[in-house]
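As provided, run-v3.cif (mmCIF, C-alpha atoms) reads as follows.
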data_run
#
loop_
_atom_site.group_PDB
_atom_site.id
_atom_site.type_symbol
_atom_site.label_atom_id
_atom_site.label_comp_id
_atom_site.auth_asym_id
_atom_site.auth_seq_id
_atom_site.Cartn_x
_atom_site.Cartn_y
_atom_site.Cartn_z
ATOM 1 C CA MET V 1 83.227 -1.412 -32.855
ATOM 2 C CA THR V 2 82.077 -1.182 -29.233
ATOM 3 C CA LEU V 3 78.858 0.337 -28.030
ATOM 4 C CA ILE V 4 80.681 2.997 -25.935
ATOM 5 C CA ASP V 5 84.251 3.940 -26.767
ATOM 6 C CA SER V 6 87.015 5.117 -24.379
ATOM 7 C CA ARG V 7 85.894 8.782 -24.648
ATOM 8 C CA GLY V 8 82.307 7.974 -23.583
ATOM 9 C CA ARG V 9 80.759 8.287 -27.026
ATOM 10 C CA LEU V 10 77.947 6.064 -28.254
ATOM 11 C CA PHE V 11 79.125 4.167 -31.372
ATOM 12 C CA GLY V 12 82.098 6.534 -31.412
ATOM 13 C CA LYS V 13 79.920 9.436 -32.613
ATOM 14 C CA VAL V 14 77.571 10.827 -29.926
ATOM 15 C CA ASN V 15 78.474 11.810 -26.367
ATOM 16 C CA ILE V 16 76.140 10.007 -23.926
ATOM 17 C CA ILE V 17 75.672 13.059 -21.683
ATOM 18 C CA ASP V 18 74.653 15.198 -24.663
ATOM 19 C CA LEU V 19 72.222 12.492 -25.778
ATOM 20 C CA LEU V 20 70.697 12.293 -22.287
ATOM 21 C CA LEU V 21 70.242 16.083 -22.195
ATOM 22 C CA VAL V 22 68.507 16.082 -25.583
ATOM 23 C CA VAL V 23 66.196 13.244 -24.464
ATOM 24 C CA LEU V 24 65.445 15.089 -21.201
ATOM 25 C CA VAL V 25 64.552 18.295 -23.067
ATOM 26 C CA LEU V 26 62.305 16.366 -25.482
ATOM 27 C CA VAL V 27 60.510 14.577 -22.633
ATOM 28 C CA GLY V 28 60.001 17.897 -20.811
ATOM 29 C CA ALA V 29 58.638 19.565 -23.949
ATOM 30 C CA TYR V 30 56.256 16.655 -24.525
ATOM 31 C CA GLY V 31 55.064 16.807 -20.894
ATOM 32 C CA PHE V 32 54.433 20.541 -21.148
ATOM 33 C CA TRP V 33 52.563 20.126 -24.456
ATOM 34 C CA HIS V 34 50.545 17.205 -23.098
ATOM 35 C CA THR V 35 49.363 19.067 -19.974
ATOM 36 C CA ARG V 36 48.393 22.121 -22.036
ATOM 37 C CA THR V 37 46.367 20.073 -24.523
ATOM 38 C CA SER V 38 45.047 17.279 -22.304
ATOM 39 C CA SER V 39 41.348 16.525 -22.502
ATOM 40 C CA ALA V 40 40.717 17.711 -18.939
ATOM 41 C CA GLY V 41 42.422 21.065 -19.588
ATOM 42 C CA LEU V 42 40.637 21.563 -22.882
ATOM 43 C CA ALA V 43 37.279 20.609 -21.363
ATOM 44 C CA ALA V 44 37.619 23.461 -18.880
ATOM 45 C CA LEU V 45 38.471 25.860 -21.684
ATOM 46 C CA ARG V 46 35.942 24.569 -24.186
ATOM 47 C CA GLY V 47 32.932 23.629 -22.101
ATOM 48 C CA THR V 48 29.480 24.297 -23.477
ATOM 49 C CA GLU V 49 28.534 27.764 -24.662
ATOM 50 C CA ARG V 50 25.836 29.207 -22.397
ATOM 51 C CA GLN V 51 24.469 32.530 -21.212
ATOM 52 C CA ILE V 52 25.757 33.295 -17.729
ATOM 53 C CA GLU V 53 24.144 35.674 -15.263
ATOM 54 C CA ALA V 54 26.397 36.748 -12.410
ATOM 55 C CA THR V 55 25.737 39.099 -9.518
ATOM 56 C CA PHE V 56 28.613 41.170 -8.169
ATOM 57 C CA LEU V 57 28.857 43.243 -4.994
ATOM 58 C CA VAL V 58 30.707 46.539 -5.172
ATOM 59 C CA SER V 59 31.309 47.395 -1.524
ATOM 60 C CA SER V 60 31.392 50.824 0.010
ATOM 61 C CA VAL V 61 31.737 53.164 -2.972
ATOM 62 C CA ARG V 62 31.062 56.876 -3.233
ATOM 63 C CA PRO V 63 27.806 58.080 -4.800
ATOM 64 C CA ALA V 64 29.753 59.429 -7.793
ATOM 65 C CA THR V 65 30.700 55.845 -8.672
ATOM 66 C CA SER V 66 27.366 54.197 -7.941
ATOM 67 C CA ASP V 67 25.385 56.826 -9.852
ATOM 68 C CA VAL V 68 27.114 56.075 -13.184
ATOM 69 C CA MET V 69 26.396 52.316 -13.155
ATOM 70 C CA LYS V 70 23.428 51.889 -15.491
ATOM 71 C CA VAL V 71 21.415 49.017 -16.956
ATOM 72 C CA GLY V 72 22.565 48.382 -20.511
ATOM 73 C CA ASP V 73 26.231 49.286 -19.951
ATOM 74 C CA LYS V 74 28.679 46.895 -21.640
ATOM 75 C CA VAL V 75 31.231 45.696 -19.110
ATOM 76 C CA ASN V 76 34.793 44.405 -19.615
ATOM 77 C CA ASP V 77 37.187 42.644 -17.283
ATOM 78 C CA GLY V 78 39.507 45.231 -15.734
ATOM 79 C CA LYS V 79 42.601 43.014 -16.020
ATOM 80 C CA THR V 80 42.260 41.424 -19.445
ATOM 81 C CA ASN V 81 39.872 43.937 -21.067
ATOM 82 C CA SER V 82 37.802 40.997 -22.357
ATOM 83 C CA TYR V 83 34.061 41.482 -22.782
ATOM 84 C CA LEU V 84 32.026 40.094 -19.864
ATOM 85 C CA GLY V 85 28.481 41.119 -20.643
ATOM 86 C CA VAL V 86 25.736 43.706 -20.237
ATOM 87 C CA ILE V 87 24.416 45.084 -16.955
ATOM 88 C CA THR V 88 20.843 43.859 -16.506
ATOM 89 C CA ASP V 89 20.202 45.140 -12.972
ATOM 90 C CA VAL V 90 21.707 47.667 -10.555
ATOM 91 C CA ARG V 91 20.602 47.809 -6.930
ATOM 92 C CA ILE V 92 22.034 50.478 -4.620
ATOM 93 C CA GLU V 93 21.906 50.167 -0.839
ATOM 94 C CA PRO V 94 23.443 52.205 1.977
ATOM 95 C CA ALA V 95 26.748 50.683 3.058
ATOM 96 C CA GLU V 96 27.011 49.292 6.558
ATOM 97 C CA ILE V 97 30.218 50.162 8.354
ATOM 98 C CA ALA V 98 31.725 48.898 11.591
ATOM 99 C CA MET V 99 33.430 51.353 13.907
ATOM 100 C CA ILE V 100 35.574 50.489 16.898
ATOM 101 C CA MET V 101 34.746 52.706 19.844
ATOM 102 C CA PRO V 102 37.463 54.001 22.210
ATOM 103 C CA ASP V 103 36.401 51.477 24.850
ATOM 104 C CA GLY V 104 36.854 48.572 22.352
ATOM 105 C CA ARG V 105 33.211 47.951 21.495
ATOM 106 C CA VAL V 106 32.303 47.448 17.842
ATOM 107 C CA TYR V 107 29.502 49.710 16.687
ATOM 108 C CA GLU V 108 27.735 49.015 13.384
ATOM 109 C CA SER V 109 26.221 51.916 11.543
ATOM 110 C CA VAL V 110 24.843 52.865 8.139
ATOM 111 C CA SER V 111 27.199 55.120 6.213
ATOM 112 C CA LYS V 112 25.881 58.463 5.043
ATOM 113 C CA THR V 113 28.573 58.793 2.372
ATOM 114 C CA ARG V 114 29.130 55.247 1.070
ATOM 115 C CA ARG V 115 26.950 52.792 -0.832
ATOM 116 C CA ASP V 116 26.948 49.077 -1.653
ATOM 117 C CA VAL V 117 26.039 48.343 -5.255
ATOM 118 C CA TRP V 118 24.710 44.994 -6.467
ATOM 119 C CA VAL V 119 25.397 44.657 -10.205
ATOM 120 C CA THR V 120 23.942 41.821 -12.287
ATOM 121 C CA LEU V 121 25.624 41.013 -15.608
ATOM 122 C CA ARG V 122 24.469 38.731 -18.391
ATOM 123 C CA GLY V 123 26.962 37.573 -20.968
ATOM 124 C CA PRO V 124 28.327 34.711 -23.036
ATOM 125 C CA GLY V 125 30.305 32.079 -21.230
ATOM 126 C CA ARG V 126 31.410 28.494 -21.091
ATOM 127 C CA VAL V 127 30.392 25.900 -18.548
ATOM 128 C CA SER V 128 32.366 22.748 -17.841
ATOM 129 C CA PRO V 129 32.474 20.393 -14.869
ATOM 130 C CA ASN V 130 35.550 22.245 -13.580
ATOM 131 C CA ALA V 131 34.827 25.903 -14.222
ATOM 132 C CA ILE V 132 32.405 28.615 -15.249
ATOM 133 C CA ILE V 133 34.017 31.156 -17.536
ATOM 134 C CA LEU V 134 32.301 34.490 -18.174
ATOM 135 C CA GLY V 135 33.890 36.106 -21.223
ATOM 136 C CA SER V 136 37.420 34.837 -20.700
ATOM 137 C CA THR V 137 37.392 35.229 -16.910
ATOM 138 C CA GLU V 138 36.940 32.214 -14.661
ATOM 139 C CA ILE V 139 34.446 33.097 -11.946
ATOM 140 C CA ARG V 140 33.481 31.473 -8.669
ATOM 141 C CA ILE V 141 31.376 32.770 -5.816
ATOM 142 C CA GLY V 142 33.622 34.775 -3.511
ATOM 143 C CA THR V 143 36.297 35.604 -6.085
ATOM 144 C CA GLN V 144 37.374 39.164 -6.805
ATOM 145 C CA VAL V 145 36.727 40.509 -10.303
ATOM 146 C CA SER V 146 37.599 43.936 -11.656
ATOM 147 C CA LEU V 147 34.790 45.421 -13.767
ATOM 148 C CA LYS V 148 35.207 48.412 -16.053
ATOM 149 C CA THR V 149 33.436 50.412 -18.713
ATOM 150 C CA ASN V 150 34.499 53.625 -20.374
ATOM 151 C CA ILE V 151 33.020 55.488 -17.364
ATOM 152 C CA PHE V 152 33.882 53.456 -14.241
ATOM 153 C CA ALA V 153 36.256 50.797 -12.923
ATOM 154 C CA VAL V 154 35.540 48.932 -9.683
ATOM 155 C CA GLN V 155 36.689 45.919 -7.690
ATOM 156 C CA THR V 156 33.844 43.496 -7.012
ATOM 157 C CA THR V 157 33.098 40.183 -5.352
ATOM 158 C CA VAL V 158 31.104 37.492 -7.140
ATOM 159 C CA MET V 159 28.004 36.824 -5.024
ATOM 160 C CA ALA V 160 25.831 34.629 -7.286
ATOM 161 C CA ILE V 161 26.131 32.754 -10.573
ATOM 162 C CA LYS V 162 23.252 31.469 -12.667
ATOM 163 C CA VAL V 163 23.637 29.421 -15.846
ATOM 164 C CA LEU V 164 20.743 30.228 -18.173
ATOM 165 C CA ASP V 165 19.140 27.747 -20.563
#
If you convert what's in this file into structure tokens, what do you get?
Amino acid sequence: MTLIDSRGRLFGKVNIIDLLLVVLVLVGAYGFWHTRTSSAGLAALRGTERQIEATFLVSSVRPATSDVMKVGDKVNDGKTNSYLGVITDVRIEPAEIAMIMPDGRVYESVSKTRRDVWVTLRGPGRVSPNAIILGSTEIRIGTQVSLKTNIFAVQTTVMAIKVLD
């Protein structure tokens, strides 16, 4: 009995190409499983449980939107609907707008109809060397996060993050 017969079968029973495909699929599945459960990936997901305080900027909204944002509101992520935390501070300022004049000059002015809202949230999160996760949303300064309650939904920018003891 030869190792490979005239029809390309291993020990006369298994086609070598089929065997190679099965091995390739198994190696790919193992690689996928290994990257999903590696210690570095799990450390980012697990991290240490901490209270996170994050400040968000809601730029240039109408007064109808800014007036309904209240301290004590429970806020969820607009994309995943996961709980982020409770509003601990709301600061409303007039929005600054830039207008381009007909001669090309840029003129900065304070809007009479728009407001900037600074919203501070406090909620449970996880901190690891690679990420800070508020609720189930990974946050970094400068990233866009959608906040929503049963009353409002806004697009925000993360402006500050504080990990509380």
Counting only C-alpha atoms, the option among V:Ile151, V:Thr143, V:Ile87, V:Thr48 closest to V:Ser128: V:Thr48
Residues returned when the PyMOL selection byres ((chain V and resi 89-102) around 8) runs on this file, as a ChimeraX atom specification: /V:59-60,66,69-71,87-88,103-112,114-121
Between atom CA of V:Leu164 and atom CA of V:Ile133 - distance in Å to one decimal: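 Answer for the atom CA of V:Ile133 to atom CA of V:Leu164 separation: 13.3 Å.
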Padding of 3 Å on every side, edges along x, y and z, all listed atoms of stretch 76-84 of chain V included: what centre and edge lengths in Å, to one decimal, does that box have, as AutoDock Vina command-line options?
--center_x 37.3 --center_y 42.7 --center_z -19.3 --size_x 16.6 --size_y 11.1 --size_z 13.0
Best match for closeness to V:Val68 among V:Ala153, V:Ala131, V:Val86, V:Ile141, counting only C-alpha atoms: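 Closest candidate: V:Ala153.
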Can you complete the atoms of stretch 77-91 of chain V to N, CA and C atoms and list them as a compact mmCIF listing (two decimals), in the frame of the given file?
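Contents of rebuild13.txt, as written:
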# COMPACT_ATOMS: atom_id res chain seq x y z
N ASP V 77 36.35 43.02 -18.41
CA ASP V 77 37.19 42.64 -17.28
C ASP V 77 38.28 43.70 -17.16
N GLY V 78 38.53 44.18 -15.95
CA GLY V 78 39.51 45.23 -15.73
C GLY V 78 40.94 44.80 -15.96
N LYS V 79 41.23 43.49 -15.85
CA LYS V 79 42.60 43.01 -16.02
C LYS V 79 42.90 42.64 -17.46
N THR V 80 41.99 41.92 -18.10
CA THR V 80 42.26 41.42 -19.44
C THR V 80 41.57 42.23 -20.54
N ASN V 81 40.66 43.11 -20.15
CA ASN V 81 39.87 43.94 -21.07
C ASN V 81 38.97 43.09 -21.97
N SER V 82 38.70 41.84 -21.57
CA SER V 82 37.80 41.00 -22.36
C SER V 82 36.35 41.32 -21.99
N TYR V 83 35.47 41.17 -22.96
CA TYR V 83 34.06 41.48 -22.78
C TYR V 83 33.42 40.47 -21.83
N LEU V 84 32.71 40.97 -20.81
CA LEU V 84 32.03 40.09 -19.86
C LEU V 84 30.53 40.02 -20.13
N GLY V 85 29.91 41.14 -20.41
CA GLY V 85 28.48 41.12 -20.64
C GLY V 85 27.86 42.49 -20.47
N VAL V 86 26.53 42.49 -20.35
CA VAL V 86 25.74 43.71 -20.24
C VAL V 86 25.09 43.75 -18.86
N ILE V 87 25.07 44.92 -18.25
CA ILE V 87 24.42 45.08 -16.95
C ILE V 87 22.91 44.97 -17.16
N THR V 88 22.29 44.04 -16.42
CA THR V 88 20.84 43.86 -16.51
C THR V 88 20.11 44.39 -15.28
N ASP V 89 20.84 44.63 -14.19
CA ASP V 89 20.20 45.14 -12.97
C ASP V 89 21.25 45.83 -12.11
N VAL V 90 20.86 46.95 -11.51
CA VAL V 90 21.71 47.67 -10.56
C VAL V 90 20.85 47.97 -9.33
N ARG V 91 21.32 47.54 -8.17
CA ARG V 91 20.60 47.81 -6.93
C ARG V 91 21.57 48.50 -5.97
